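Shown below: target-v1.cif, with mmCIF, C-alpha atoms.
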data_target
#
loop_
_atom_site.label_atom_id
_atom_site.label_comp_id
_atom_site.auth_asym_id
_atom_site.auth_seq_id
_atom_site.Cartn_x
_atom_site.Cartn_y
_atom_site.Cartn_z
CA PRO A 1 5.92 20.71 54.13
CA PHE A 2 5.53 17.52 52.08
CA HIS A 3 7.72 14.49 52.48
CA LEU A 4 8.68 11.64 50.18
CA SER A 5 5.84 9.51 51.48
CA ALA A 6 3.26 12.03 50.31
CA PRO A 7 0.93 10.70 47.57
CA PRO A 8 1.64 11.86 43.99
CA GLN A 9 -1.81 13.46 43.73
CA MET A 10 -1.07 15.72 46.70
CA LEU A 11 2.25 16.69 45.16
CA ARG A 12 0.58 17.62 41.87
CA ARG A 13 -2.05 19.71 43.63
CA ALA A 14 0.62 21.41 45.71
CA LEU A 15 2.64 22.17 42.60
CA GLY A 16 -0.42 23.67 40.87
CA ARG A 17 -1.20 25.91 43.85
CA ALA A 18 2.42 27.01 44.02
CA LEU A 19 2.57 27.91 40.36
CA SER A 20 -0.64 29.92 40.52
CA ALA A 21 0.58 31.64 43.72
CA VAL A 22 3.79 32.92 42.14
CA GLY A 23 2.06 34.07 38.97
CA TRP A 24 2.31 31.23 36.46
CA ARG A 25 -1.05 32.12 34.95
CA GLN A 26 -0.01 35.76 34.69
CA GLY A 27 2.84 34.84 32.32
CA ILE A 28 5.77 34.19 34.72
CA ALA A 29 7.53 31.09 33.31
CA LEU A 30 9.42 29.05 35.85
CA ALA A 31 11.72 26.39 34.43
CA ASP A 32 12.44 24.89 37.85
CA PRO A 33 9.41 23.45 39.68
CA LEU A 34 11.48 23.16 42.87
CA ASN A 35 11.82 26.95 43.02
CA ALA A 36 8.07 27.18 42.49
CA LEU A 37 7.42 25.03 45.53
CA ARG A 38 9.84 27.06 47.58
CA LEU A 39 8.35 30.40 46.52
CA GLY A 40 4.90 29.08 47.30
CA GLY A 41 5.96 28.26 50.85
CA LEU A 42 5.11 24.59 50.48
CA VAL A 43 8.64 23.21 50.74
CA SER A 44 11.43 24.56 52.91
CA LEU A 45 15.13 24.46 52.09
CA LYS A 46 15.77 21.81 54.74
CA ASP A 47 12.99 19.54 53.57
CA SER A 48 13.82 19.80 49.86
CA SER A 49 16.76 17.41 49.94
CA TRP A 50 14.50 14.46 49.02
CA LEU A 51 13.31 16.16 45.84
CA PRO A 52 15.23 15.16 42.67
CA GLN A 53 17.19 17.81 40.85
CA CYS A 54 14.93 18.83 37.96
CA ARG A 55 16.54 19.27 34.59
CA ALA A 56 15.44 21.76 31.98
CA MET A 57 12.40 20.83 29.94
CA SER A 58 13.16 18.71 26.90
CA SER A 59 10.94 20.86 24.66
CA GLY A 60 13.84 23.20 23.94
CA TRP A 61 12.33 26.33 25.51
CA SER A 62 14.67 26.42 28.52
CA GLN A 63 17.47 28.94 28.73
CA GLY A 64 20.72 27.77 27.22
CA MET A 65 19.46 24.44 25.93
CA TYR A 66 21.78 24.39 22.93
CA ALA A 67 23.32 27.85 23.19
CA GLU A 68 27.01 28.38 23.78
CA ARG A 69 28.23 30.40 26.70
CA HIS A 70 29.48 33.40 24.74
CA ASN A 71 27.08 33.03 21.82
CA PRO A 72 23.54 32.67 23.22
CA ASP A 73 20.90 31.28 20.92
CA PRO A 74 17.96 33.71 20.64
CA THR A 75 15.58 30.78 20.01
CA HIS A 76 16.95 28.86 23.03
CA GLY A 77 17.51 25.80 20.85
CA ARG A 78 13.95 25.67 19.53
CA ALA A 79 14.96 25.92 15.88
CA ARG A 80 17.57 23.20 16.23
CA TRP A 81 15.24 20.97 18.20
CA HIS A 82 12.52 21.22 15.55
CA LYS A 83 14.73 19.37 13.08
CA LEU A 84 14.04 16.20 15.01
CA ASP A 85 10.30 16.48 14.30
CA VAL A 86 10.74 15.37 10.66
CA SER A 87 11.02 11.60 10.36
CA LYS A 88 12.95 9.82 7.65
CA ARG A 89 9.71 8.32 6.35
CA MET A 90 8.36 11.80 5.58
CA GLU A 91 11.51 12.70 3.66
CA GLN A 92 11.16 9.71 1.33
CA ASP A 93 9.40 10.06 -2.00
CA LYS A 94 5.77 9.02 -1.77
CA PRO A 95 4.44 6.55 -4.34
CA ILE A 96 2.06 7.87 -6.96
CA LEU A 97 -1.56 7.34 -5.92
CA GLY A 98 -3.05 4.49 -7.92
CA ALA A 99 0.00 3.85 -10.12
CA LEU A 100 0.16 0.08 -10.72
CA ASN A 101 1.90 0.28 -14.10
CA PRO A 102 4.10 2.86 -15.84
CA LYS A 103 2.41 5.74 -17.61
CA GLU A 104 3.45 4.49 -21.05
CA TYR A 105 1.88 1.08 -20.45
CA ASP A 106 -1.41 2.53 -19.16
CA GLU A 107 -1.87 5.03 -21.98
CA LYS A 108 -1.01 2.32 -24.50
CA HIS A 109 -4.04 0.36 -23.27
CA GLY A 110 -6.48 3.26 -22.81
CA ARG A 111 -5.93 4.18 -19.13
CA TRP A 112 -5.04 7.85 -19.12
CA TRP A 113 -3.12 10.00 -16.67
CA PHE A 114 -3.58 13.64 -15.66
CA THR A 115 -1.54 16.34 -13.94
CA ARG A 116 -2.49 17.51 -10.44
CA LYS A 117 -0.32 20.03 -8.59
CA GLU A 118 2.62 19.42 -10.93
CA GLU A 119 2.35 15.67 -10.35
CA GLU A 120 1.14 13.11 -12.85
CA ARG A 121 -1.41 10.58 -11.63
CA PRO A 122 -3.54 7.88 -13.26
CA LYS A 123 -7.26 8.44 -13.54
CA LEU A 124 -9.03 6.13 -11.12
CA TYR A 125 -11.68 4.67 -13.40
CA THR A 126 -14.17 2.19 -11.98
CA THR A 127 -13.59 -1.52 -12.46
CA ILE A 128 -14.54 -3.39 -15.60
CA GLY A 129 -18.03 -4.91 -15.57
CA ARG A 130 -19.59 -2.56 -13.00
CA HIS A 131 -21.45 0.69 -13.40
CA ALA A 132 -19.97 3.89 -12.04
CA ARG A 133 -21.96 5.51 -9.27
CA SER A 134 -23.39 8.86 -10.28
CA LYS A 135 -22.00 11.77 -8.29
CA LYS A 136 -25.43 13.47 -8.41
CA LEU A 137 -27.11 10.91 -6.16
CA LYS A 138 -25.81 12.34 -2.91
CA ARG A 139 -22.94 14.75 -2.50
CA THR A 140 -21.92 13.46 0.92
CA ILE A 141 -21.06 10.07 -0.55
CA VAL A 142 -17.78 10.69 -2.35
CA ARG A 143 -15.44 8.22 -3.96
CA PHE A 144 -12.23 10.03 -3.06
CA ALA A 145 -12.60 9.98 0.72
CA TYR A 146 -9.13 9.11 1.90
CA LYS A 147 -8.70 5.98 4.04
CA SER A 148 -12.07 4.69 2.86
CA LYS A 149 -12.83 1.27 1.42
CA ASN A 150 -13.99 2.77 -1.86
CA LEU A 151 -10.73 4.62 -2.44
CA ARG A 152 -8.62 1.62 -1.46
CA ALA A 153 -10.55 -0.48 -3.98
CA LEU A 154 -10.00 2.10 -6.72
CA VAL A 155 -6.30 2.48 -5.97
CA ARG A 156 -5.58 -1.26 -5.91
CA ASP A 157 -7.85 -2.31 -8.78
CA PRO A 158 -5.78 -3.74 -11.68
CA TYR A 159 -8.85 -3.99 -13.96
CA ARG A 160 -9.87 -0.39 -14.46
CA LYS A 161 -12.01 0.61 -17.41
CA ARG A 162 -10.15 1.44 -20.59
CA TRP A 163 -10.92 4.23 -23.07
CA PRO A 164 -8.62 3.62 -26.05
CA LYS A 165 -8.16 5.72 -29.14
CA ASN A 166 -9.27 4.44 -32.53
CA ASP A 167 -5.77 3.41 -33.55
CA GLN A 168 -5.28 1.45 -30.30
CA VAL A 169 -8.20 -0.93 -30.85
CA GLY A 170 -6.84 -4.28 -31.98
CA ALA A 171 -5.94 -7.82 -30.97
CA ARG A 172 -3.28 -6.60 -28.55
CA PHE A 173 -5.78 -4.34 -26.78
CA PHE A 174 -8.27 -7.16 -26.15
CA ALA A 175 -5.50 -9.61 -25.21
CA GLU A 176 -3.85 -7.28 -22.68
CA PHE A 177 -4.47 -9.40 -19.59
CA CYS A 178 -3.46 -12.67 -21.25
CA LEU A 179 -0.23 -11.11 -22.57
CA LYS A 180 0.91 -9.80 -19.22
CA ASP A 181 4.29 -10.72 -17.80
CA PHE A 182 4.70 -14.10 -16.15
CA GLU A 183 5.15 -12.53 -12.71
CA LYS A 184 1.83 -10.60 -12.96
CA ARG A 185 -0.45 -13.00 -14.85
CA THR A 186 -3.00 -14.57 -12.48
CA MET A 187 -4.26 -18.13 -12.57
CA LEU A 188 -7.54 -17.22 -14.32
CA GLU A 189 -5.68 -15.24 -16.98
CA THR A 190 -3.27 -18.14 -17.50
CA ALA A 191 -6.08 -20.72 -17.74
CA HIS A 192 -7.96 -18.59 -20.28
CA THR A 193 -5.16 -19.16 -22.80
CA LEU A 194 -5.35 -22.99 -22.46
CA PRO A 195 -7.71 -25.50 -24.12
CA LEU A 196 -11.01 -25.96 -22.27
CA TYR A 197 -9.99 -22.97 -20.13
CA GLY A 198 -7.51 -25.08 -18.17
CA VAL A 199 -9.75 -28.03 -17.26
CA ALA A 200 -7.70 -31.18 -16.42
CA CYS A 201 -4.48 -29.14 -16.56
CA LYS A 202 -1.91 -29.06 -13.80
CA PHE A 203 -0.99 -25.69 -12.24
CA TRP A 204 1.79 -24.69 -9.86
CA ARG A 205 3.79 -21.58 -9.07
CA GLY A 206 7.43 -21.05 -9.89
CA LYS A 207 10.08 -18.36 -9.95
CA ASP A 208 10.22 -18.26 -13.75
CA ALA A 209 8.42 -19.71 -16.76
CA GLU A 210 10.73 -22.78 -16.82
CA THR A 211 10.50 -23.82 -13.15
CA PRO A 212 9.49 -27.52 -12.85
CA ASP A 213 7.30 -28.98 -10.15
CA THR A 214 9.72 -30.39 -7.57
CA ARG A 215 7.76 -30.23 -4.29
CA GLY A 216 4.59 -32.04 -5.35
CA GLN A 217 2.38 -29.06 -4.53
CA PHE A 218 0.11 -28.40 -7.48
CA PHE A 219 -3.52 -27.90 -8.46
CA VAL A 220 -5.52 -29.88 -11.03
CA ALA A 221 -8.59 -28.03 -12.35
CA SER A 222 -11.84 -29.93 -12.81
CA SER A 223 -14.25 -27.08 -13.73
CA SER A 224 -13.90 -23.57 -15.07
CA GLU A 225 -16.56 -20.84 -15.11
CA TYR A 226 -15.96 -17.24 -16.17
CA ARG A 227 -18.20 -14.30 -15.37
CA VAL A 228 -16.04 -11.70 -17.11
CA ARG A 229 -13.40 -13.26 -19.29
CA PRO A 230 -10.53 -13.49 -18.61
CA ILE A 231 -10.36 -11.65 -15.29
CA ARG A 232 -13.25 -12.93 -13.12
CA GLY A 233 -14.50 -16.42 -12.56
CA GLN A 234 -14.02 -19.64 -10.63
CA LEU A 235 -11.54 -22.39 -11.29
CA ARG A 236 -12.18 -25.35 -8.99
CA GLY A 237 -10.37 -28.65 -8.67
CA THR A 238 -8.14 -30.79 -6.45
CA GLN A 239 -5.24 -29.51 -4.35
CA TYR A 240 -2.20 -31.81 -4.06
CA HIS A 241 0.51 -31.83 -1.39
CA ASN A 242 3.56 -34.06 -1.68
CA GLY A 243 1.96 -35.60 -4.75
CA ARG A 244 -1.15 -36.75 -2.87
CA PRO A 245 -4.67 -35.26 -3.18
CA MET A 246 -5.64 -33.34 -0.06
CA ARG A 247 -8.96 -31.70 -0.90
CA ASP A 248 -11.38 -31.67 -3.81
CA GLY A 249 -13.79 -29.04 -5.15
CA ILE A 250 -11.89 -25.99 -3.93
CA ALA A 251 -10.20 -22.98 -5.50
CA ALA A 252 -6.44 -22.79 -5.72
CA VAL A 253 -4.34 -21.04 -3.11
CA ALA A 254 -2.87 -17.69 -4.27
CA LYS A 255 -5.01 -17.73 -7.42
CA SER A 256 -4.95 -13.90 -7.65
CA LEU A 257 -1.14 -13.79 -7.65
CA GLY A 258 1.19 -14.30 -10.59
CA SER A 259 3.95 -16.74 -11.60
CA TRP A 260 1.69 -19.64 -12.58
CA ARG A 261 3.08 -22.59 -14.56
CA TYR A 262 0.91 -25.17 -16.28
CA GLU A 263 1.15 -28.61 -17.84
CA PHE A 264 -1.23 -30.51 -20.11
CA PRO A 265 -2.69 -33.79 -18.80
CA ALA A 266 -0.84 -36.98 -19.67
CA GLY A 267 -2.53 -38.80 -22.54
CA GLY A 268 -4.66 -35.82 -23.57
CA HIS A 269 -6.14 -35.89 -27.05
CA PRO A 270 -3.86 -33.97 -29.46
CA SER A 271 -6.79 -32.31 -31.20
CA VAL A 272 -7.82 -30.68 -27.93
CA TYR A 273 -4.59 -30.03 -26.09
CA ARG A 274 -2.67 -28.49 -28.93
CA PRO A 275 0.62 -26.61 -28.62
CA ALA A 276 0.46 -22.90 -27.98
CA PHE A 277 -0.02 -20.50 -30.87
CA PRO A 278 3.10 -18.77 -32.19
CA ARG A 279 3.94 -15.33 -30.94
CA MET A 280 2.29 -12.32 -32.53
CA LEU A 281 4.25 -10.44 -35.17
CA SER A 282 3.66 -7.20 -33.31
CA ALA A 283 5.19 -8.69 -30.15
CA GLU A 284 8.33 -9.67 -32.05
CA GLN A 285 8.57 -6.18 -33.53
CA ASP A 286 8.25 -4.60 -30.09
CA ALA A 287 10.95 -6.91 -28.72
CA ALA A 288 13.26 -5.98 -31.59
CA GLU A 289 12.67 -2.27 -31.03
CA GLY A 290 13.37 -2.68 -27.30
CA GLU A 291 16.70 -4.41 -28.02
CA ALA A 292 17.64 -1.68 -30.51
CA GLU A 293 17.02 1.04 -27.91
#

Show me, as structure tokens, the structure contained in the file I just sent.
Amino acid sequence: PFHLSAPPQMLRRALGRALSAVGWRQGIALADPLNALRLGGLVSLKDSSWLPQCRAMSSGWSQGMYAERHNPDPTHGRARWHKLDVSKRMEQDKPILGALNPKEYDEKHGRWWFTRKEEERPKLYTTIGRHARSKKLKRTIVRFAYKSKNLRALVRDPYRKRWPKNDQVGARFFAEFCLKDFEKRTMLETAHTLPLYGVACKFWRGKDAETPDTRGQFFVASSSEYRVRPIRGQLRGTQYHNGRPMRDGIAAVAKSLGSWRYEFPAGGHPSVYRPAFPRMLSAEQDAAEGEAE
């Protein structure tokens, strides 16, 4: 017989020999391992006082796990226990794969959606300015391999290629990125609408389009170079903290985020730093239609 001082490995081996001796492998299910040790002759009744009282297995297969006394459950609680397997996260609605904007906005600018398994999704076009890889090069290299870098880039890319209809080609189509909302317009897109592409202008982030600079944290651009206007390029200058210059010749922090305010340099020539152009007539018509609805 084994005692409490016996090593755990010896106890596990003894339990395995006992279970095979009484016919565990032949299909005899024993819910109480203490009875298995006793039937195997490894533990006597007198020496079993040190063993803890084993409860029924928590898997739900034991007799009477959730069953009432006069109304036994034929599944022994397995069906009721399986309800705990579904987490609340799985019950929530999953976001649409690759949906960065509403369907109406995307199709208005030439990014089309399709239906897959009764669910509408946007077509994951490649990014603007880069060629699409041919699927005939090698079939093992696929774009839509889940949890891959290629798919993550396609899903998160806000500059997908656009295929507009003939009646959608116009000034609004080409000015889509510069006419975005204040919360979504990046620093490069904001600077593209300014004279000299934002050179010598002061930039800072705010909660709305009227937020003033109160903390002294701003960026003054000294050079502007665009590779693909107005979405890709470099805007370098001086970063200020508490109104004092901290570093020169760097890019701005959070340049790819939105909510960028700007201010023309003091004493700028009026022929260069002119006021902004008036709003487009089509934009006013759309605003009036939105208020009417």

Practice item. Please evaluate the PyMOL selection byres ((chain A and resi 177) around 10) against the structure above and give the resulting residues as a ChimeraX atom specification. Key: /A:158-159,172-176,178-181,184-186,188-190,192,229-231

Practice item. Run through the PyMOL selection byres ((chain A and resi 210) around 12) on the given coordinates and return the selected residues as a PyMOL selection string. Key: chain A and resi 182+204-209+211-213+259-263

Restrict the selected residues to C-alpha atoms and save them as a PDB file, in the coordinates of the input.
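Here's the written file selection.pdb:
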ATOM      1  CA  PHE A 182       4.700 -14.100 -16.150  1.00  0.00           C
ATOM      2  CA  TRP A 204       1.790 -24.690  -9.860  1.00  0.00           C
ATOM      3  CA  ARG A 205       3.790 -21.580  -9.070  1.00  0.00           C
ATOM      4  CA  GLY A 206       7.430 -21.050  -9.890  1.00  0.00           C
ATOM      5  CA  LYS A 207      10.080 -18.360  -9.950  1.00  0.00           C
ATOM      6  CA  ASP A 208      10.220 -18.260 -13.750  1.00  0.00           C
ATOM      7  CA  ALA A 209       8.420 -19.710 -16.760  1.00  0.00           C
ATOM      8  CA  THR A 211      10.500 -23.820 -13.150  1.00  0.00           C
ATOM      9  CA  PRO A 212       9.490 -27.520 -12.850  1.00  0.00           C
ATOM     10  CA  ASP A 213       7.300 -28.980 -10.150  1.00  0.00           C
ATOM     11  CA  SER A 259       3.950 -16.740 -11.600  1.00  0.00           C
ATOM     12  CA  TRP A 260       1.690 -19.640 -12.580  1.00  0.00           C
ATOM     13  CA  ARG A 261       3.080 -22.590 -14.560  1.00  0.00           C
ATOM     14  CA  TYR A 262       0.910 -25.170 -16.280  1.00  0.00           C
ATOM     15  CA  GLU A 263       1.150 -28.610 -17.840  1.00  0.00           C
TER      16      GLU A 263
END

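Nearest residue to A:Glu104 among A:Pro122, A:Leu281, A:Lys117, A:Ala287 is A:Pro122, counting all atoms listed in the file.
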
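Taking only C-alpha atoms into account, A:Ala276 lies nearest to A:Pro195 out of the set A:Pro195, A:Gly98, A:Pro245, A:Pro164.
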
Review point. Which is closest to A:Arg227 among A:Lys165, A:Ile250, A:Gly129, A:Thr193, if we use all atoms listed in the file?
Key: A:Gly129

Point to revise | Proximity to A:Gly237 - best of A:Met90, A:Ala221, A:Leu196, A:Val169, only C-alpha atoms | key: A:Ala221

Study note, to complete from the structure: note - atom CA of A:Asp157 and atom CA of A:Asn101 are separated by 11.4 Å

Practice item. Could you jot down the atom CA of A:Val155 to atom CA of A:Arg121 separation for me, Å, one decimal place? Key: 11.0 Å

Check your understanding: What is the distance, in Å and to one decimal place, between atom CA of A:Phe264 and atom CA of A:Ala200?
Key ->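 Between atom CA of A:Phe264 and atom CA of A:Ala200 the gap is 7.5 Å.
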
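Residue nearest A:Arg130 within the list A:Arg274, A:Arg160, A:Lys202, A:Arg111: A:Arg160 [criterion: smallest interatomic distance, only C-alpha atoms].
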
Please return the centre and edge lengths, in Å to one decimal, of a box with edges along x, y and z that contains all listed atoms of stretch 255-274 of chain A, widened by 8 Å on every side, as lines of an AutoDock Vina configuration file.
center_x = -1.9
center_y = -26.3
center_z = -19.3
size_x = 27.8
size_y = 41.0
size_z = 39.8

Practice item. List the residues matched by the PyMOL selection byres ((chain A and resi 253) around 12) in the displayed structure as a PyMOL selection string, ordered by chain and then by residue number. Key: chain A and resi 186-187+203-205+217-220+235-241+247+250-252+254-258+260

Practice item. Could you pull out every residue with an atom within 12 Å of (2.3, 14.2, -9.2), file coordinates, counting all atoms listed in the file, and send them as a list in words? Key: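 With a cut-off of 12 Å, the residues come to Asp93, Lys94, Pro95, Ile96, Leu97, Gly98, Ala99, Lys103, Trp113, Phe114, Thr115, Arg116, Lys117, Glu118, Glu119, Glu120, Arg121, Pro122 and Lys123 of chain A.
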
**Study point:** Distance criterion (only C-alpha atoms): nearest to A:Glu107 out of A:Ser148, A:Glu91, A:Lys161, A:Ala153
**Key:**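 Among A:Ser148, A:Glu91, A:Lys161, A:Ala153, it is A:Lys161 that comes nearest to A:Glu107.
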
Practice item. Show me as a ChimeraX atom specification the residues that reach within 6 Å of (-10.8, 3.5, -10.4), counting all atoms listed in the file and using the file's own coordinates. Key: /A:124-126,154,160
